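Working notes, structure below.
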Amino acid sequence: MQLFNYHKPTSLDEASSLYRMAEDPIYLGGGMTLIPTMKQRLASPTDVIDLSGIDQMRGVVVSRKSVSIGALTCHNEIANNAEIQSTLPVLSSLAKLIGDNQVRNRGTLGGSIANSDPAADYPASVVALGATIYTQDRTISGDVFFQALFETALEPGEIITRVEFQVPTRAVYQKFPNPASRYAVVGVLVADFAGEIRVGVTGAGPCAFRARDMEAVLNRALDPDGLQELGLSEVEFNSDLHASAEYRAHLLHVLVRRAIVELVALD
Amino acid sequence: MTTVTMTVNGKPVSENVEGRTLLSTLLRDDLRLTGTHIGCDTSQCGACTVLLNNRAVKSCSVLAAQIEDCKITTIEGIGTADDLHPMQVAFRECHALQCGFCTPGMIMQAIDLVENTPNLDKRGIREGLEGNICRCTGYHNIVRAVASVAGAVD
């Protein structure tokens, strides 16, 4: 790693001001992506601003309609929190599938979402569960948050403080993990909000998105057979050494089918 | 340079580190606790696993500066040659090591799993050890050892 200045602010104002003063700053959450990236010198910031001392970014608030989670909450906390397990079980089970135990002890919700890795798990839940992203300045709808490969609606210096998920009637996450890394080759979160179906997809394209053509078909009838003829021409599928675009398109169909079968069996 | 203060294996420690110093470097080079192994140095293999506030983390992917005021436990901190930790006893009894390189990380991860997972079964152990790679592929006996400590059945 190249030399950098390390800062650990205790408030959002202090973090923003450190960011403004630095030449080439970057925020650090749990560091499960950033630190390996810096070790490979794929990122060489002049200043690393560790957000873990900002207490305002912690805590979980669960109500009947929504679950609001502090950005610093680690994956294992989301997997094991009893209130999240009972109100939004799909998010706990999704968190359990991320990386490995050590990564889940350290990696954070806010860090994962801010990174917009095309194969990360949480982005599927952000778009499918009508999430709202809170930053120090404003709120951003989950529908417009992910913009491109590793690109979000965040402005330079903006910090995710909390993420608020809407609680669906029922929901299922289906993931086809890469056998080595456990990243999603494709992951699909299908949520039913009192009859309105939302389909969040990760791993398939440059960033997470809602499969609106699929939603339209499923909102007419919750039957995966209706999806067979759907070409998904609007989706630009990723193609890399893990899977071709054709394979990912096929996986998307298979995973949505599995999710619907599991969803219908939920009650 | 920043000064970091922490507890390592029950003892208070204060060291001057660069921002880029990794926890694994601090443990091995500065504190000479070389039981924590560096396998891949790219956060894949888990050989460098230590407990940070009683939870397993890969010390090659944590900055030393991040652990101010935290409690670190390494393989040196869980038992002695005369008084082994129950997990170390189980690894010996079950022949859960071949070359032994991955063993410190495996044991620290296994302690986290057994202490923090309710109703741990063998499948849970196998899934829980996903972040630790044994190049001798001796997984079967490692799972047996962890299961014997956890009281886990199939």
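Note on naming: chains are A, B, ... as they come in the structure tokens, residues start from 1 per chain, ligands start from 1 in the order shown.
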Inset, instruction - Fewer than 4 positions away in the same chain doesn't count, so skip those; otherwise give me all residues within 8 Å of B:Lys71, counting only C-alpha atoms, as a PyMOL selection string. - result: chain B and resi 6-10+51-54
Inset, instruction - May I have all residues of stretch 14-214 of chain A that DSSP, computed from the backbone, assigns to helix (DSSP H, G or I), given as number ranges by chain? - result: A: 14-21, 34-39, 51-53, 55-57, 75-80, 82-87, 89-96, 101-104, 109-115, 122-128, 142-145, 212-214
Inset, instruction - Quote the spacing between atom CA of B:Pro118 and atom CA of A:Ala82 in Å to one decimal place. - result: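 A separation of 12.6 Å between them.
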Inset, instruction - Just need the residues of chain B within 7 Å of chain A, counting only C-alpha atoms, so spit them out as a ChimeraX atom specification. - result: /B:19-20,42,55-58,61,128,130-131
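Atom CA of B:Thr73 lies 10.7 Å from atom CA of B:Leu33.
Counting only C-alpha atoms, A:His242 has the following residues at most 12 Å away, ignoring those fewer than 4 positions along the same chain: Ala119, Phe176, Pro177, Asn178, Pro179, Ala180, Ser181, Arg182, Tyr183, Ala184, Val185, Val186, Gly203, Ala204, Asn238, Glu246, Tyr247 and Arg248 of chain A.
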